[in-house]
Each structure stands twice: as structure tokens, then as C-alpha cells.
>>> print(open('input-v6.txt').read())   # compact mmCIF, C-alpha atoms and all ligand atoms
# COMPACT_ATOMS: atom_id res chain seq x y z
CA MET I 1325 0.00 0.00 0.00
CA SER I 1326 1.21 3.46 -0.80
CA GLY I 1327 -0.67 6.69 -0.69
CA ILE I 1328 -0.80 10.40 -0.12
CA ARG I 1329 -1.83 12.32 2.96
CA ILE I 1330 -2.40 16.01 2.35
CA ILE I 1331 -2.88 18.50 5.18
CA VAL I 1332 -4.87 21.31 3.57
CA THR I 1333 -5.37 23.62 6.56
CA TYR I 1334 -4.47 24.03 10.22
CA ASN I 1335 -7.72 25.82 10.97
CA CYS I 1336 -9.93 23.84 13.33
CA ASN I 1337 -12.94 24.49 15.53
CA PHE I 1338 -11.36 22.26 18.23
CA MET I 1339 -8.08 22.63 20.13
CA CYS I 1340 -7.22 19.10 21.22
CA GLY I 1341 -4.36 18.79 23.70
CA ASN I 1342 -2.67 16.11 21.57
CA CYS I 1343 -3.05 17.79 18.16
CA ARG I 1344 -0.02 16.88 16.10
CA TYR I 1345 -0.15 20.07 14.02
CA LYS I 1346 -1.24 22.40 16.84
CA CYS I 1347 -4.39 23.29 14.95
CA GLY I 1348 -7.05 25.64 16.25
CA PRO I 1349 -9.42 28.51 15.41
CA TYR I 1350 -6.54 31.00 15.38
CA ARG I 1351 -4.72 29.17 12.54
CA LYS I 1352 -5.92 30.59 9.25
CA GLY I 1353 -5.70 29.71 5.56
CA ILE I 1354 -6.26 26.74 3.30
CA MET I 1355 -4.36 25.22 0.38
CA GLU I 1356 -5.11 26.71 -3.00
CA VAL I 1357 -6.99 24.33 -5.34
CA ASN I 1358 -4.51 24.15 -8.23
CA ASN I 1359 -1.63 23.74 -5.81
CA PHE I 1360 -3.56 20.86 -4.22
CA ARG I 1361 -4.11 19.22 -7.60
CA ASN I 1362 -0.53 19.67 -8.84
CA LYS I 1363 0.97 18.15 -5.70
CA ILE I 1364 -1.37 15.16 -5.84
CA VAL I 1365 -0.82 14.54 -9.56
CA LYS I 1366 2.96 14.60 -9.15
CA LEU I 1367 2.97 12.07 -6.32
CA TYR I 1368 0.42 9.89 -8.08
CA GLU I 1369 2.69 9.81 -11.15
CA ASP I 1370 5.57 8.88 -8.81
CA GLY I 1371 3.61 5.77 -7.81
CA TYR I 1372 1.63 6.75 -4.70
CA ARG I 1373 -1.62 5.42 -6.01
CA ASP I 1374 -3.64 3.47 -3.46
CA TYR I 1375 -5.23 6.25 -1.45
CA ILE I 1376 -5.46 10.00 -0.94
CA ILE I 1377 -6.29 11.28 2.56
CA ILE I 1378 -7.39 14.89 2.95
CA GLU I 1379 -6.68 16.08 6.48
CA GLY I 1380 -6.49 19.28 8.55
CA GLY I 1381 -7.28 21.01 10.79
CA GLU I 1382 -10.91 20.37 10.09
CA PRO I 1383 -11.56 20.02 6.34
CA PHE I 1384 -15.35 20.06 6.78
CA LEU I 1385 -15.19 23.73 7.85
CA TYR I 1386 -14.45 24.32 4.14
CA ILE I 1387 -17.00 22.13 2.43
CA GLY I 1388 -16.87 24.26 -0.77
CA MET I 1389 -13.10 23.81 -1.02
CA ILE I 1390 -13.37 20.07 -0.41
CA TYR I 1391 -15.82 19.89 -3.28
CA LYS I 1392 -13.36 21.76 -5.53
CA TYR I 1393 -10.44 19.55 -4.46
CA LEU I 1394 -12.31 16.34 -5.22
CA LYS I 1395 -13.53 17.70 -8.54
CA LYS I 1396 -9.94 18.52 -9.54
CA ILE I 1397 -8.78 14.95 -8.84
CA LYS I 1398 -11.95 13.21 -10.00
CA ASN I 1399 -10.11 11.29 -12.71
CA ILE I 1400 -7.39 10.03 -10.40
CA ASP I 1401 -8.01 6.39 -9.60
CA ALA I 1402 -7.35 6.12 -5.85
CA LYS I 1403 -9.51 5.71 -2.74
CA LYS I 1404 -10.19 9.18 -1.40
CA TYR I 1405 -10.77 9.81 2.30
CA ILE I 1406 -11.35 12.83 4.53
CA ILE I 1407 -10.28 12.91 8.18
CA THR I 1408 -12.72 14.86 10.36
CA ASN I 1409 -13.63 15.52 13.98
CA GLY I 1410 -17.29 14.92 13.06
CA PHE I 1411 -18.54 18.24 14.49
CA TRP I 1412 -21.18 18.28 11.76
CA GLY I 1413 -22.90 15.10 12.96
CA ASP I 1414 -26.00 16.98 14.14
CA ILE I 1415 -26.25 19.30 11.13
CA GLU I 1416 -28.79 17.98 8.65
CA THR I 1417 -27.38 19.74 5.57
CA TYR I 1418 -24.20 17.66 5.82
CA LEU I 1419 -26.24 14.62 4.83
CA TYR I 1420 -26.65 16.21 1.40
CA SER I 1421 -23.13 17.61 1.31
CA LEU I 1422 -21.74 14.11 1.83
CA ASN I 1423 -23.92 12.88 -0.99
CA GLU I 1424 -22.42 15.47 -3.33
CA LEU I 1425 -18.89 14.58 -2.22
CA LYS I 1426 -19.58 10.90 -2.82
CA GLU I 1427 -20.87 11.72 -6.32
CA ILE I 1428 -17.50 13.26 -7.19
CA GLY I 1429 -15.41 10.44 -5.82
CA LEU I 1430 -15.19 10.49 -2.02
CA TYR I 1431 -14.71 6.90 -0.83
CA GLY I 1432 -14.73 7.23 2.93
CA ILE I 1433 -14.38 9.32 6.05
CA ILE I 1434 -12.16 8.76 9.07
CA ILE I 1435 -13.70 10.24 12.23
CA GLU I 1436 -11.39 11.01 15.12
CA TYR I 1437 -12.81 10.52 18.60
CA ASP I 1438 -11.17 9.83 21.94
CA TYR I 1439 -10.56 11.44 25.33
CA PHE I 1440 -8.89 14.47 23.69
CA HIS I 1441 -11.76 15.13 21.27
CA SER I 1442 -14.39 14.54 23.94
CA ALA I 1443 -13.72 18.00 25.42
CA PHE I 1444 -15.28 19.49 22.28
CA THR I 1445 -17.95 17.08 21.10
CA ASP I 1446 -20.04 14.17 22.36
CA ILE I 1447 -20.82 10.62 21.33
CA SER I 1448 -24.27 11.50 20.04
CA THR I 1449 -22.75 13.94 17.52
CA ILE I 1450 -20.19 11.34 16.46
CA LYS I 1451 -22.97 8.80 15.98
CA GLY I 1452 -24.82 11.38 13.88
CA ALA I 1453 -21.75 11.78 11.66
CA ILE I 1454 -21.35 8.00 11.30
CA GLU I 1455 -25.04 7.67 10.44
CA LYS I 1456 -24.91 10.37 7.76
CA ALA I 1457 -21.83 8.86 6.15
CA LEU I 1458 -23.32 5.34 6.15
CA LYS I 1459 -26.59 6.60 4.67
CA ASN I 1460 -24.53 7.90 1.77
CA GLY I 1461 -22.77 4.57 1.28
CA LEU I 1462 -19.40 5.90 2.44
CA ASN I 1463 -16.77 3.77 4.11
CA VAL I 1464 -16.48 4.83 7.78
CA THR I 1465 -13.56 4.41 10.18
CA LEU I 1466 -13.28 5.63 13.77
CA LYS I 1467 -9.77 6.59 14.83
CA SER I 1468 -8.75 6.94 18.49
CA VAL I 1469 -5.50 7.80 20.21
CA PHE I 1470 -4.37 5.99 23.37
CA LEU I 1471 -1.58 7.11 25.68
CA THR I 1472 -0.75 3.63 26.97
CA LYS I 1473 -0.78 0.16 25.45
CA ASP I 1474 -2.44 -1.41 28.48
CA ILE I 1475 -5.09 1.31 28.97
CA SER I 1476 -3.62 2.18 32.35
CA VAL I 1477 -4.42 5.90 32.58
CA LYS I 1478 -7.77 7.59 33.09
CA ALA I 1479 -7.78 9.22 29.64
CA ASP I 1480 -7.41 5.80 28.00
CA ILE I 1481 -10.11 4.24 30.17
CA LEU I 1482 -12.49 6.98 29.03
CA THR I 1483 -11.48 6.51 25.39
CA PHE I 1484 -12.08 2.77 25.74
CA GLU I 1485 -15.56 3.43 27.17
CA PHE I 1486 -16.37 5.81 24.31
CA ILE I 1487 -15.35 3.23 21.73
CA LYS I 1488 -17.41 0.54 23.45
CA LYS I 1489 -20.50 2.76 23.33
CA ILE I 1490 -20.01 3.53 19.64
CA ARG I 1491 -19.36 -0.14 18.81
CA GLU I 1492 -22.67 -1.11 20.43
CA SER I 1493 -24.40 0.71 17.57
CA TYR I 1494 -21.81 0.32 14.79
CA LYS I 1495 -20.04 -3.03 14.78
CA ASN I 1496 -19.27 -3.04 11.08
CA ILE I 1497 -17.36 0.19 10.66
CA GLY I 1498 -13.56 0.25 10.79
CA TYR I 1499 -11.63 1.05 13.99
CA ILE I 1500 -8.05 2.34 14.12
CA PHE I 1501 -6.17 2.75 17.39
CA GLU I 1502 -2.94 4.68 17.70
CA CYS I 1503 -0.82 4.42 20.83
CA VAL I 1504 1.44 7.28 21.78
CA ASN I 1505 4.36 6.45 24.03
CA THR I 1506 4.14 8.78 27.02
CA ASN I 1507 7.70 8.03 28.19
CA GLU I 1508 9.25 10.02 25.41
CA GLN I 1509 9.68 13.74 25.43
CA ASN I 1510 7.12 15.55 23.30
CA ALA I 1511 5.49 12.19 22.78
CA LEU I 1512 2.08 13.72 22.16
CA LEU I 1513 3.39 15.45 19.08
CA LYS I 1514 4.88 12.33 17.59
CA PHE I 1515 3.02 10.41 14.96
CA LYS I 1516 3.64 7.41 12.87
CA THR I 1517 4.20 7.86 9.18
CA ASN I 1518 3.77 4.91 6.94
CA THR I 1519 7.05 4.62 5.01
CA LYS I 1520 5.12 4.27 1.79
CA GLU I 1521 2.96 7.28 2.54
CA LYS I 1522 3.91 10.75 1.33
CA VAL I 1523 2.73 13.63 3.50
CA ILE I 1524 2.11 17.05 1.98
CA MET I 1525 1.88 19.89 4.47
CA TYR I 1526 0.05 23.15 3.89
CA LYS I 1527 2.34 26.15 4.21
CA ASP I 1528 0.68 28.84 6.32
CA ARG I 1529 2.11 31.57 4.13
CA GLU I 1530 0.95 30.02 0.86
CA ASN I 1531 -1.88 32.51 0.34
CA ILE I 1532 0.00 35.65 1.42
S1 LIG B 1 -9.92 17.98 15.87
FE1 LIG B 1 -8.07 17.12 14.94
S2 LIG B 1 -7.14 18.87 13.84
FE2 LIG B 1 -8.64 19.72 15.26
S3 LIG B 1 -7.47 20.27 17.08
FE3 LIG B 1 -8.28 18.18 17.39
S4 LIG B 1 -6.66 16.79 16.66
FE4 LIG B 1 -6.20 18.84 15.85
>>> encode(input="input-v6.txt", output="C-alpha cells", more="lines below")
Ligand code: SF4
Amino acid sequence: MSGIRIIVTYNCNFMCGNCRYKCGPYRKGIMEVNNFRNKIVKLYEDGYRDYIIIEGGEPFLYIGMIYKYLKKIKNIDAKKYIITNGFWGDIETYLYSLNELKEIGLYGIIIEYDYFHSAFTDISTIKGAIEKALKNGLNVTLKSVFLTKDISVKADILTFEFIKKIRESYKNIGYIFECVNTNEQNALLKFKTNTKEKVIMYKDRENI
């Protein structure tokens, strides 16, 4: 497997304590559409062809841009995903927005939820997001971060409980767990990068 992960913005409506890119409402800007396309096309031609993950920040704050991005890469044959915090789970119009995104090639969404995200949203909203994505025939994965491998701290126990509650309703979606080693300095900012995955970062000054 090889693919592309593209961080299109650092703007986010949440400010999670473990955010790897230190995203938040004060971070502004989003990648320009042609720049997005050119970077994807180049890496695709270099052989990174299995998947394209659009990540932020929170991409769904810019639904119009997401539409433009997907339209620009409509002819590229790869599974296309968006990573989201699912804040839109209770907002009805997103049911139709997802439908439009699916029409132009979106394959799936990856919803992040764990102890860190729970300060900003609740399980019912996450379930709403899962429901809307499934109704549109999208592939759905829940991604959670743990601090310990043996679930030995309170944050992890809470994350585990959240996942259990979501699994009671959605057994057939995907689940990804990432463990961050708390013994290392700055461990919360570390993240695993698949060696066959190319990561493209948005440059804050791109639009200046
Ligand atoms: S929702 Fe995701 S991008 Fe936003 S602050 Fe939290 S971890 Fe960072």
C-alpha cells in the first residue's frame, strides 16, 4: 500500500491537547486548489496510487473547497478519504453535502474521537456523523488515540468506554487505534508515518 496524505489547513474548531499540528481557530488559511491538484498529480505519477487522505485542521469547515479539491482529482483512480472531527454530525445539511462529495469520488471518512476530542464534542454527535456517512454509502472508520498500550491511565479508560458505546451501535465500521508512548519527550506530538505514505503539508504563508 502506498498513498498520499495532504494537510490542507491548520484551521480547526477544536483545540485538542494532543493535536499533532497544533491546529485551532486562530490558525488561518487553506491550500489553493490548483496547488492541491498539482501536488497530488505529481505524487500519483511517482507511484503513490492506493489512497489520498485529505486532512487538517478540520476540512469540513471548508466544504466548498473540499468539493473543488475532489472535482480537480476526480479522474485520479485512488480511494479518497477525509479525516474529520465529526462536528457536523447533528447538522442535517451535511447529509446532502456528503452525498455530493460521494458523487465526485469520495470513498470514505475517518472520524477522530477519543478522550482528547471529547472535550469538544459528544458521542451523540459522532454517531450522527457516522449515520450520515453510512446513509450515503461511504466507508467509515473511527480513529482513536491511546496514551498507553495497556489502557492504564484515566484518559485511555475513558477513550475505551467511548469506543465501546459507539461499537454497540456500529459493529461493522472500521476502527483504528494509535498508541502514543508517554515516556518520550514531546510524545504527544509524535506520529507514525507509513514509510510508503507521502505527506504534503500546507504552508501557512501560501496565500499571502
Ligand atoms: S480535531 Fe483534529 S485537527 Fe482539530 S485540534 Fe483536534 S486533533 Fe487537531
>>> residues_around(input="input-v6.txt", residues="Glu1502 (chain I)", least_positions_apart="4", cutoff="8 Å", atoms="all atoms listed in the file", output="list in words")
Lys1467, Ser1468, Val1469 and Phe1470 of chain I
>>> closest_residue(input="input-v6.txt", among="I:Lys1395, I:Lys1478, I:Lys1456, I:His1441", to="Asn1342 (chain I)", atoms="only C-alpha atoms")
I:His1441
>>> atom_distance(input="input-v6.txt", atom1="CA of Tyr1420 (chain I)", atom2="CA of Ser1448 (chain I)")
19.4 Å
>>> closest_atom_pairs(input="input-v6.txt", of="chain I", to="ligand LIG 1 (chain B)", cutoff="8 Å", atoms="all atoms listed in the file", output="JSON lines")
{"residue": "I:Tyr1334", "atom": "CA", "partner": "B:LIG1", "partner_atom": "S2", "distance": 6.8}
{"residue": "I:Asn1335", "atom": "CA", "partner": "B:LIG1", "partner_atom": "FE2", "distance": 7.5}
{"residue": "I:Cys1336", "atom": "CA", "partner": "B:LIG1", "partner_atom": "FE2", "distance": 4.7}
{"residue": "I:Asn1337", "atom": "CA", "partner": "B:LIG1", "partner_atom": "FE2", "distance": 6.4}
{"residue": "I:Phe1338", "atom": "CA", "partner": "B:LIG1", "partner_atom": "S3", "distance": 4.5}
{"residue": "I:Met1339", "atom": "CA", "partner": "B:LIG1", "partner_atom": "S3", "distance": 3.9}
{"residue": "I:Cys1340", "atom": "CA", "partner": "B:LIG1", "partner_atom": "FE3", "distance": 4.1}
{"residue": "I:Gly1341", "atom": "CA", "partner": "B:LIG1", "partner_atom": "FE3", "distance": 7.5}
{"residue": "I:Asn1342", "atom": "CA", "partner": "B:LIG1", "partner_atom": "S4", "distance": 6.4}
{"residue": "I:Cys1343", "atom": "CA", "partner": "B:LIG1", "partner_atom": "S4", "distance": 4.0}
{"residue": "I:Arg1344", "atom": "CA", "partner": "B:LIG1", "partner_atom": "FE4", "distance": 6.5}
{"residue": "I:Tyr1345", "atom": "CA", "partner": "B:LIG1", "partner_atom": "FE4", "distance": 6.4}
{"residue": "I:Lys1346", "atom": "CA", "partner": "B:LIG1", "partner_atom": "FE4", "distance": 6.2}
{"residue": "I:Cys1347", "atom": "CA", "partner": "B:LIG1", "partner_atom": "S3", "distance": 4.8}
{"residue": "I:Gly1348", "atom": "CA", "partner": "B:LIG1", "partner_atom": "S3", "distance": 5.4}
{"residue": "I:Glu1379", "atom": "CA", "partner": "B:LIG1", "partner_atom": "S2", "distance": 7.9}
{"residue": "I:Gly1380", "atom": "CA", "partner": "B:LIG1", "partner_atom": "S2", "distance": 5.3}
{"residue": "I:Gly1381", "atom": "CA", "partner": "B:LIG1", "partner_atom": "S2", "distance": 3.7}
{"residue": "I:Glu1382", "atom": "CA", "partner": "B:LIG1", "partner_atom": "S2", "distance": 5.5}
{"residue": "I:Thr1408", "atom": "CA", "partner": "B:LIG1", "partner_atom": "FE1", "distance": 6.9}
{"residue": "I:Asn1409", "atom": "CA", "partner": "B:LIG1", "partner_atom": "S1", "distance": 4.8}
{"residue": "I:Glu1436", "atom": "CA", "partner": "B:LIG1", "partner_atom": "FE1", "distance": 7.0}
{"residue": "I:Phe1440", "atom": "CA", "partner": "B:LIG1", "partner_atom": "FE3", "distance": 7.3}
{"residue": "I:His1441", "atom": "CA", "partner": "B:LIG1", "partner_atom": "FE3", "distance": 6.0}
>>> residues_around(input="input-v6.txt", residues="Lys1398 (chain I)", least_positions_apart="3", cutoff="12 Å", atoms="only C-alpha atoms", output="PyMOL selection string")
chain I and resi 1361+1364-1365+1376+1390-1395+1401-1404+1425-1431
>>> residues_near_point(input="input-v6.txt", point="(-0.7, 9.3, -11.0)", cutoff="12 Å", atoms="only C-alpha atoms", output="list in words")
Ser1326, Gly1327, Ile1328, Arg1361, Asn1362, Lys1363, Ile1364, Val1365, Lys1366, Leu1367, Tyr1368, Glu1369, Asp1370, Gly1371, Tyr1372, Arg1373, Asp1374, Tyr1375, Ile1376, Ile1397, Lys1398, Asn1399, Ile1400, Asp1401 and Ala1402 of chain I
>>> atom_distance(input="input-v6.txt", atom1="CA of Phe1501 (chain I)", atom2="CA of Phe1484 (chain I)")
10.2 Å
>>> atom_distance(input="input-v6.txt", atom1="CA of Ile1433 (chain I)", atom2="CA of Asn1460 (chain I)")
11.1 Å
>>> residues_near_point(input="input-v6.txt", point="(-10.1, 7.6, 28.9)", cutoff="10 Å", atoms="all atoms listed in the file", output="PyMOL selection string")
chain I and resi 1438-1440+1442+1469-1471+1475-1487
